[in-house]
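Undergrad: Enclosed is the structure file structure_0.cif (mmCIF, C-alpha atoms and all ligand atoms).
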data_upload
#
loop_
_atom_site.label_atom_id
_atom_site.label_comp_id
_atom_site.auth_asym_id
_atom_site.auth_seq_id
_atom_site.Cartn_x
_atom_site.Cartn_y
_atom_site.Cartn_z
CA MET M 1 70.30 -5.61 -63.60
CA TYR M 2 69.38 -4.50 -60.05
CA THR M 3 65.88 -5.95 -60.46
CA LEU M 4 67.30 -9.20 -61.76
CA LEU M 5 69.77 -9.49 -58.87
CA SER M 6 67.24 -8.53 -56.21
CA GLY M 7 64.77 -11.03 -57.69
CA LEU M 8 67.45 -13.72 -57.58
CA TYR M 9 68.36 -12.77 -54.00
CA LYS M 10 64.73 -12.97 -52.93
CA TYR M 11 64.27 -16.31 -54.69
CA VAL M 12 67.27 -17.80 -52.89
CA PHE M 13 66.96 -16.23 -49.44
CA GLN M 14 63.39 -15.07 -48.87
CA LYS M 15 61.33 -17.40 -46.70
CA ASP M 16 57.60 -17.99 -46.66
CA GLU M 17 56.48 -17.46 -43.07
CA TYR M 18 53.98 -19.64 -41.23
CA CYS M 19 52.71 -19.32 -37.65
CA VAL M 20 52.26 -22.54 -35.72
CA LEU M 21 50.57 -22.69 -32.30
CA ILE M 22 51.74 -25.20 -29.68
CA LEU M 23 48.81 -26.02 -27.41
CA GLY M 24 47.94 -28.62 -24.77
CA LEU M 25 47.44 -28.91 -21.02
CA ASP M 26 50.06 -27.67 -18.57
CA ASN M 27 52.87 -30.19 -18.03
CA ALA M 28 52.23 -31.84 -21.45
CA GLY M 29 55.73 -30.89 -22.63
CA LYS M 30 55.06 -28.00 -25.04
CA THR M 31 58.01 -25.81 -24.04
CA THR M 32 60.33 -28.82 -23.92
CA PHE M 33 59.16 -29.68 -27.44
CA LEU M 34 59.81 -26.12 -28.65
CA GLU M 35 63.33 -26.11 -27.16
CA GLN M 36 64.08 -29.53 -28.68
CA THR M 37 62.80 -28.32 -32.06
CA LYS M 38 64.96 -25.18 -31.98
CA THR M 39 67.99 -27.25 -31.01
CA LYS M 40 67.43 -29.72 -33.84
CA PHE M 41 66.58 -27.25 -36.59
CA SER M 42 68.70 -24.17 -35.81
CA ARG M 43 72.38 -24.76 -36.44
CA ASN M 44 73.66 -21.99 -34.18
CA TYR M 45 71.15 -22.41 -31.38
CA LYS M 46 72.70 -23.50 -28.10
CA GLY M 47 69.79 -25.34 -26.53
CA MET M 48 68.88 -24.58 -22.94
CA ASN M 49 68.98 -27.25 -20.25
CA LEU M 50 65.62 -28.99 -20.72
CA SER M 51 65.39 -29.83 -17.02
CA LYS M 52 65.41 -26.08 -16.22
CA ILE M 53 62.16 -25.36 -18.06
CA THR M 54 59.37 -24.14 -15.80
CA THR M 55 55.65 -23.68 -16.41
CA THR M 56 54.82 -21.04 -19.01
CA VAL M 57 52.91 -17.97 -17.89
CA GLY M 58 52.12 -16.16 -21.12
CA LEU M 59 53.92 -17.48 -24.17
CA ASN M 60 57.28 -18.50 -25.61
CA ILE M 61 58.22 -17.72 -29.18
CA GLY M 62 60.63 -19.62 -31.41
CA THR M 63 61.55 -19.58 -35.09
CA ILE M 64 63.11 -22.24 -37.31
CA ASP M 65 63.85 -22.38 -41.03
CA VAL M 66 63.16 -25.56 -42.97
CA GLY M 67 64.02 -25.17 -46.67
CA LYS M 68 62.12 -22.15 -47.97
CA ALA M 69 59.68 -22.18 -45.04
CA ARG M 70 60.11 -20.17 -41.84
CA LEU M 71 58.02 -21.54 -38.98
CA MET M 72 57.20 -19.19 -36.12
CA PHE M 73 56.03 -21.06 -33.07
CA TRP M 74 53.85 -19.64 -30.33
CA ASP M 75 53.98 -21.89 -27.30
CA LEU M 76 51.11 -20.87 -25.04
CA GLY M 77 50.71 -21.67 -21.34
CA GLY M 78 48.39 -24.64 -20.80
CA GLN M 79 47.08 -23.96 -17.30
CA GLU M 80 43.30 -23.80 -17.11
CA GLU M 81 43.09 -20.04 -16.62
CA LEU M 82 45.48 -19.49 -19.57
CA GLN M 83 43.50 -21.70 -21.98
CA SER M 84 40.97 -18.88 -22.40
CA LEU M 85 43.74 -16.91 -24.17
CA TRP M 86 44.39 -19.57 -26.83
CA ASP M 87 41.68 -18.39 -29.21
CA LYS M 88 43.21 -14.89 -29.43
CA TYR M 89 45.95 -16.48 -31.57
CA TYR M 90 43.81 -18.70 -33.84
CA ALA M 91 43.24 -16.17 -36.62
CA GLU M 92 46.99 -15.78 -37.22
CA SER M 93 47.87 -19.48 -37.23
CA HIS M 94 48.64 -21.73 -40.20
CA GLY M 95 49.04 -24.91 -38.14
CA VAL M 96 48.46 -26.29 -34.64
CA ILE M 97 50.62 -28.71 -32.66
CA TYR M 98 48.61 -30.23 -29.81
CA VAL M 99 50.74 -31.92 -27.14
CA ILE M 100 49.40 -34.75 -24.96
CA ASP M 101 51.14 -36.18 -21.90
CA SER M 102 50.98 -39.94 -22.62
CA THR M 103 51.90 -40.72 -19.01
CA ASP M 104 48.89 -38.90 -17.56
CA GLU M 105 45.87 -41.13 -18.06
CA GLU M 106 44.00 -39.29 -15.31
CA ARG M 107 44.00 -36.02 -17.29
CA LEU M 108 43.41 -37.57 -20.71
CA SER M 109 39.72 -36.66 -20.79
CA GLU M 110 40.57 -33.10 -19.66
CA SER M 111 43.05 -32.93 -22.53
CA LYS M 112 40.44 -34.29 -24.95
CA ASN M 113 37.94 -31.64 -23.84
CA ALA M 114 40.48 -28.83 -24.39
CA PHE M 115 41.34 -30.31 -27.81
CA GLU M 116 37.69 -30.60 -28.79
CA LYS M 117 36.98 -27.01 -27.77
CA MET M 118 39.98 -25.83 -29.82
CA ILE M 119 39.05 -27.74 -33.00
CA SER M 120 35.46 -26.53 -32.71
CA SER M 121 36.62 -23.01 -33.46
CA GLU M 122 35.56 -21.99 -36.97
CA VAL M 123 38.68 -19.86 -37.27
CA LEU M 124 40.84 -23.01 -37.28
CA GLU M 125 38.81 -24.78 -39.95
CA GLY M 126 41.14 -26.43 -42.48
CA VAL M 127 44.29 -25.78 -40.42
CA PRO M 128 46.61 -28.83 -40.18
CA LEU M 129 46.75 -30.51 -36.76
CA LEU M 130 49.77 -32.37 -35.45
CA VAL M 131 48.86 -34.27 -32.28
CA LEU M 132 51.91 -35.33 -30.29
CA ALA M 133 51.64 -38.36 -28.03
CA ASN M 134 54.50 -37.03 -25.90
CA LYS M 135 56.69 -38.67 -23.22
CA GLN M 136 56.93 -41.97 -25.13
CA ASP M 137 60.30 -42.51 -23.41
CA VAL M 138 58.40 -43.39 -20.21
CA GLU M 139 57.70 -47.08 -19.73
CA ASN M 140 54.04 -48.16 -19.74
CA CYS M 141 52.81 -44.83 -21.11
CA LEU M 142 49.68 -44.64 -23.28
CA SER M 143 50.30 -45.73 -26.86
CA VAL M 144 49.14 -43.93 -30.02
CA PRO M 145 46.21 -46.40 -30.45
CA ASP M 146 45.18 -45.75 -26.79
CA ILE M 147 45.14 -42.01 -27.45
CA LYS M 148 43.32 -42.36 -30.78
CA THR M 149 40.63 -44.40 -29.02
CA ALA M 150 40.25 -41.82 -26.25
CA PHE M 151 39.97 -39.00 -28.83
CA SER M 152 37.86 -40.97 -31.34
CA ASP M 153 34.67 -38.94 -30.89
CA CYS M 154 36.58 -35.82 -32.05
CA ALA M 155 36.89 -37.30 -35.57
CA PRO M 156 33.80 -35.60 -37.05
CA LYS M 157 35.04 -32.21 -35.82
CA ILE M 158 38.51 -32.78 -37.29
CA GLY M 159 36.73 -33.33 -40.60
CA LYS M 160 38.88 -33.17 -43.72
CA ARG M 161 41.77 -31.16 -42.32
CA ASP M 162 45.21 -32.81 -42.26
CA CYS M 163 45.74 -34.56 -38.93
CA LEU M 164 48.57 -36.80 -37.73
CA VAL M 165 49.03 -38.45 -34.32
CA GLN M 166 52.79 -38.71 -33.85
CA PRO M 167 54.52 -40.65 -31.05
CA CYS M 168 57.18 -38.40 -29.59
CA SER M 169 59.56 -37.67 -26.75
CA ALA M 170 60.33 -33.98 -26.45
CA LEU M 171 62.97 -34.89 -23.92
CA SER M 172 64.94 -37.38 -26.04
CA GLY M 173 64.00 -35.88 -29.42
CA GLN M 174 62.35 -39.05 -30.75
CA GLY M 175 59.67 -38.22 -33.32
CA VAL M 176 60.41 -34.47 -33.32
CA ASN M 177 61.90 -34.31 -36.83
CA ASP M 178 59.11 -36.42 -38.32
CA GLY M 179 56.44 -34.23 -36.72
CA ILE M 180 57.99 -30.95 -37.85
CA GLU M 181 58.64 -32.17 -41.40
CA TRP M 182 55.00 -33.30 -41.67
CA MET M 183 53.82 -29.88 -40.44
CA VAL M 184 56.04 -28.03 -42.93
CA LYS M 185 54.67 -30.12 -45.80
CA CYS M 186 51.07 -29.51 -44.69
CA VAL M 187 51.27 -25.73 -44.12
CA ILE M 188 52.92 -25.24 -47.52
CA ARG M 189 50.29 -27.37 -49.26
CA ASN M 190 47.46 -25.73 -47.32
CA ILE M 191 48.44 -22.17 -48.18
CA HIS M 192 48.30 -23.04 -51.88
CA ARG M 193 44.83 -24.56 -51.66
CA PRO M 194 41.98 -22.63 -53.26
CA PRO M 195 39.88 -20.67 -50.74
CA ARG M 196 37.26 -22.66 -48.88
CA GLN M 197 33.73 -22.56 -50.27
CA LYS M 198 32.58 -20.66 -47.18
CA ASP M 199 35.09 -17.88 -47.88
CA ILE M 200 33.90 -17.43 -51.47
CA THR M 201 30.20 -16.83 -50.69
N1 LIG D 301 59.86 -38.11 -19.55
C1 LIG D 301 59.52 -37.04 -20.26
N2 LIG D 301 59.28 -35.88 -19.64
C2 LIG D 301 58.95 -34.81 -20.40
C3 LIG D 301 58.87 -34.89 -21.81
N3 LIG D 301 58.53 -33.65 -22.28
C4 LIG D 301 58.41 -32.86 -21.20
N4 LIG D 301 58.66 -33.55 -20.07
C5 LIG D 301 58.63 -33.03 -18.69
O1 LIG D 301 57.32 -32.59 -18.41
C6 LIG D 301 57.37 -31.44 -17.57
C7 LIG D 301 56.58 -30.29 -18.19
O2 LIG D 301 57.22 -29.87 -19.38
P1 LIG D 301 56.93 -28.43 -20.04
O3 LIG D 301 57.63 -28.43 -21.35
O4 LIG D 301 57.24 -27.35 -19.08
O5 LIG D 301 55.35 -28.52 -20.22
P2 LIG D 301 54.37 -27.41 -20.85
O6 LIG D 301 53.37 -28.14 -21.67
O7 LIG D 301 55.14 -26.34 -21.52
O8 LIG D 301 53.63 -26.83 -19.55
P3 LIG D 301 52.97 -25.36 -19.34
O9 LIG D 301 54.01 -24.35 -19.71
O10 LIG D 301 52.64 -25.31 -17.87
O11 LIG D 301 51.74 -25.27 -20.18
C8 LIG D 301 58.84 -31.11 -17.36
O12 LIG D 301 59.25 -31.68 -16.13
C9 LIG D 301 59.53 -31.81 -18.52
O13 LIG D 301 60.87 -32.19 -18.26
C10 LIG D 301 59.16 -36.13 -22.45
O14 LIG D 301 59.13 -36.31 -23.67
N5 LIG D 301 59.48 -37.17 -21.60
MG MG D 302 55.41 -24.32 -21.19
#
Written as structure tokens, that's how I'd like the structure from this file.
Ligand SMILES: Nc1nc2c(ncn2[C@@H]2O[C@H](COP(=O)(O)OP(=O)(O)OP(=O)(O)O)[C@@H](O)[C@H]2O)c(=O)[nH]1
Ligand SMILES: [Mg+2]
TA:
Amino acid sequence: MYTLLSGLYKYVFQKDEYCVLILGLDNAGKTTFLEQTKTKFSRNYKGMNLSKITTTVGLNIGTIDVGKARLMFWDLGGQEELQSLWDKYYAESHGVIYVIDSTDEERLSESKNAFEKMISSEVLEGVPLLVLANKQDVENCLSVPDIKTAFSDCAPKIGKRDCLVQPCSALSGQGVNDGIEWMVKCVIRNIHRPPRQKDIT
């Protein structure tokens, strides 16, 4: 009876846990996106004032539950000297959210280079990538097609892994639900895939 009840309890309440990295240059909007996500997906979370967020030195952690999935986010600082720490977290991650500031055309190629370096890591092979074209609330910002064009030579390195470029405003919340729901679907599907050929040999 105890086994039956504990099995039932686990079935109903136990969550499958997934780690998702939030990466991108400094000022892209990663921490704002994490706060917006926690506010939207955690019923009891009293969101902080988004205008009070300052640059991240180290990392911020956040957790949300979506259905039977528990997503643990690691929002890492994006300043140049902090980017060298990103790869320390790759081995633990089931998904990556890469945030781009769509208002900053000047730093777009810098962002592309950081993205390319990140996806070149073998450790992240097969891991779903959600690319956020953030700050879409700002007039005359770069559009999704503009960003796809600027990042087009990364396509061979993305390969067959799931990848979505999502227009978004971390500040207003536009596109946040769609992005998170896509990521949840992908990490669940990915974890149930058979091991990659490389892992078998
Ligand atoms: N207009 C607009 N501003 C945004 C948006 N998202 C973030 N910002 C602003 O961009 C600035 C940087 O946001 P952060 O969330 O601190 O950026 P970050 O990527 O975490 O930066 P680091 O921690 O330095 O790596 C802040 O002034 C935010 O208010 C957005 O969707 N629209
Ligand atoms: Mg930050």
Undergrad: List the spatial neighbours of Ala28 (chain M) as an MDAnalysis selection string - criterion: any atom at most 10 Å away, all atoms listed in the file, same-chain residues fewer than 3 positions off excluded.
TA: chainID M and resid 23:25 31:33 78 98:104 111 132:135 170
Undergrad: Could I get the residue neighbourhood of ligand MG 302 (chain D) at 9 Å, counting all atoms listed in the file, as a list in words?
TA: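 Here is the list of contacting residues: Asp26, Asn27, Ala28, Gly29, Lys30, Thr31, Thr32, Leu34, Ile53, Thr54, Thr55, Thr56, Val57, Gly58, Leu59, Asn60, Asp75, Leu76, Gly77 and Gly78 of chain M.
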Undergrad: Between M:Gln174, M:Ser120, M:Ser109, M:Thr3, which is the closest to ligand LIG 301 (chain D) once you count all atoms listed in the file?
TA: M:Gln174
Undergrad: Provide an axis-aligned box for all listed atoms of region 67-71 of chain M, padding each side by 8 Å; report its centre and its edge lengths in Å to one decimal, as AutoDock Vina command-line options.
TA:
--center_x 61.0 --center_y -22.7 --center_z -43.5 --size_x 22.0 --size_y 21.0 --size_z 25.0
Undergrad: Quick check, in Å to one decimal: how far apart do CA of Gln36 (chain M) and CA of Leu129 (chain M) lie?
TA: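 Result for CA of Gln36 (chain M) versus CA of Leu129 (chain M): 19.1 Å, one decimal.
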Undergrad: Got a sec: who's within 10 Å of region 42-44 of chain M, counting all atoms listed in the file, leaving out chain neighbours fewer than 5 positions off, as a short mmCIF file (atom, residue, chain, number, x, y, z; two decimals) with C-alpha atoms, in the coordinates of the input?
TA:
data_model
loop_
_atom_site.label_atom_id
_atom_site.label_comp_id
_atom_site.auth_asym_id
_atom_site.auth_seq_id
_atom_site.Cartn_x
_atom_site.Cartn_y
_atom_site.Cartn_z
CA THR M 37 62.80 -28.32 -32.06
CA THR M 63 61.55 -19.58 -35.09
CA ILE M 64 63.11 -22.24 -37.31
CA ASP M 65 63.85 -22.38 -41.03
CA VAL M 66 63.16 -25.56 -42.97
#
